[in-house]
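Undergrad: I have a structure I would like to understand better, so I am pasting it below and will then ask my questions one at a time.
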Amino acid sequence: MIHRRLAWVMLAMALGLTSSGLSQDLDDLLERWGKNLLKKQFDETNVQRWQAPFERNAEIYTVRTADGWTLVAHRYRPRTPKPLAADPVILCHGLGYSALFWDLDPHCSLAEYLAQKGYDVWAVSLRGCGLSQKWVWKLDAAPTLLIGDLVRRATNNRIAPTGFATVDPKYANWTLDDHIAYDVSAFVYLVQHHTQAKNVTWIGHSMGGIIALGHLARYKNPGIARLVTVGSQMTMPPGQLPMQFFTEMLRVRERELAGKIVPEQLPQEVKTSVENMFFNENNIHPKVYQALTTWAKEVPSLGVIQQYLVLAKENELLDHKKQFNYAKALGQVQVPVLITCGAADQLAPPEVQRYLYQHLGSKQKTLLIFGKQQGFSIDAGHNDALVGLNSRKEVYPILERWVRTGKP
């Protein structure tokens with residue numbers, strides 16, 4: 001008990017928190033950690049490759065960000081004898097998920113689909129997610145035993161069953177700005193380094209598309225030559241459902257940081273009362289739904305959730321200091337962009353996709369809604385646009401064709 005209390009005090013000090021509550025303003029946190037938002041000092045020692053493949057035909061690679069986090073990517077090499085003359089593809093997950101999102105089951109694995117079409121595919125886990133560096137109360141708490149056993153076998157014990165989980169409270173909090181400034185750059189560099197490609201194509205689901213848009217709008221990274229967003233947004237229409245969801249997630253994270261939730265309880269805790277906001281339940285296999293609401297789920301950081309709460313309240317995405325407006329900077333995005341979402345998406349509905357389309361500076365941009373009115377078999381939701389029953393047949397070919405030709 002004394003050890004846990006001491007750990008809690010250390011965590012609170014690291015986060016700059018007081019006993020009055022965990023959800024207080026974190027605006028000065030990054031400055032206290034001495035971060036330089038434009039630093040890009042990568043070298044050979046920051047990149048490692050683990051040779052042994054995953055059981056599902058993926059290889060594990062790691063890269064260290066400029067601000068000191070170790071991130072993990074799963075590489076799916078091209079399956080065809082003569083790979084397409086196309087850029088490598090980075091698949092980036094959304095809020096509360098990891099690289100697992102892209103390969104949950106053979107019937108809805110965009111990673112495997114693109115690899116079979118000849119693409120060099122990299123499914124990434126952002127900081128605090130999957131096997132990438134994250135804070136935990138106990139090292140045996142993350143990742144789950146299922147993933148841990150897989151990692152142990154896949155890497156001949158080179159990566160611990162816990163991935164890069166750590167009890168160091170320095171890694172207990174981060175913001176969307178960290179994903180935007182550091183994680184995007186690190187993954188683009190990782191792929192460029194190992195493939196010798198000049199450019200990459202970035203496909204982002206939800207937050208995975210948001211951070212790519214934010215990076216291009218703020219830093220204009222030339223490494224991303226094409227961008228596909230699925231259910232991403234820089235604005236959010238008024239509504240209580242998103243506010244309720246983000247508030248619930250904030251409380252779960254607070255309880256986790258305070259040690260009031262044991263690891264075994266986390267899957268049920270993050271399956272909130274508004275979870276179905278992310279799914280059209282008629283368009284998703286029960287085992288995929290179960291995975292995304294239990295063992296494949298991650299708990300976002302306080303900083304990330306707070307930025308989403310600001311987005312929900314003020315209807316535009318701002319940096320954590322409220323000094324930079326990502327929504328108003330979309331004109332700086334110049335690369336070709338395919339903007340998509342499900343017609344029944346409740347978190348990033350078609351109206352916010354139209355905002356993206358109208359405000360992006362790209363000369364080549366396309367807006368596509370996955371719904372019955374557009375000729376699809378069902379009005380897809382937020383997640384099942386990509387992991388739905390008909391995603392492989394109806395959605396994946398469109399994404400692949402656009403990446404290859406620039407036409408849906």
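Chains: A, B, ... in order of the structure tokens. Residues: from 1 per chain. Ligands: from 1, in order shown.
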Could you give me, as a count of residues only, the residues within 10 Å of Asp103 in chain A, counting only C-alpha atoms and dropping anything in the same chain fewer than 2 positions from it?
TA: 16
Undergrad: I'd like the contact shell of Glu400 in chain A - 10 Å cut-off, only C-alpha atoms, skipping same-chain residues fewer than 6 positions apart - returned as a list in words.
TA: Leu110, Tyr113, Leu114, Lys117, Tyr119, Gly406, Lys407 and Pro408 of chain A
Undergrad: Can you work out which one of A:Arg253, A:Lys328, A:Arg127, A:Lys372 has the shortest atom-to-atom distance to Leu356 in chain A, counting only C-alpha atoms?
TA: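 Closest candidate: A:Lys328.
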Undergrad: Out of A:Phe246, A:Tyr396, A:Tyr219, A:Trp202, which residue has the shortest atom-to-atom distance to Ser301 in chain A when counting only C-alpha atoms?
TA: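 Smallest separation from Ser301 in chain A among the options: A:Phe246.
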Undergrad: Hey, can you check how far CA of Ser98 in chain A sits from CA of Trp295 in chain A?
TA: 11.0 Å
Undergrad: Counting only C-alpha atoms, which residues of range 267-339 of chain A fall within 12 Å of range 180-192 of chain A, and what is the closest atom pair for each with its distance in Å at one decimal, ordered by chain and rising number, as JSON lines?
TA:
```
{"residue": "A:Val304", "atom": "CA", "partner": "A:Ile180", "partner_atom": "CA", "distance": 11.4}
{"residue": "A:Asp319", "atom": "CA", "partner": "A:Ile180", "partner_atom": "CA", "distance": 9.9}
{"residue": "A:His320", "atom": "CA", "partner": "A:Ile180", "partner_atom": "CA", "distance": 11.7}
{"residue": "A:Tyr326", "atom": "CA", "partner": "A:Ile180", "partner_atom": "CA", "distance": 10.6}
```
Undergrad: Keeping only C-alpha atoms, write those residues as a PDB file, in the first residue's frame.
TA:
```pdb
ATOM      1  CA  VAL A 304      -5.691  13.708 -25.706  1.00  0.00           C
ATOM      2  CA  ASP A 319      -3.696  22.685 -29.950  1.00  0.00           C
ATOM      3  CA  HIS A 320      -3.566  21.973 -26.219  1.00  0.00           C
ATOM      4  CA  TYR A 326      -5.836  23.178 -36.876  1.00  0.00           C
TER       5      TYR A 326
END
```
Undergrad: Mind listing the helix (DSSP H, G or I) residues of range 157-354 of chain A, per DSSP on the backbone, as a PyMOL selection string?
TA: chain A and resi 169-171+176-195+207-218+240-257+263-269+275-278+281-283+286-293+302-314+327-332+350-354
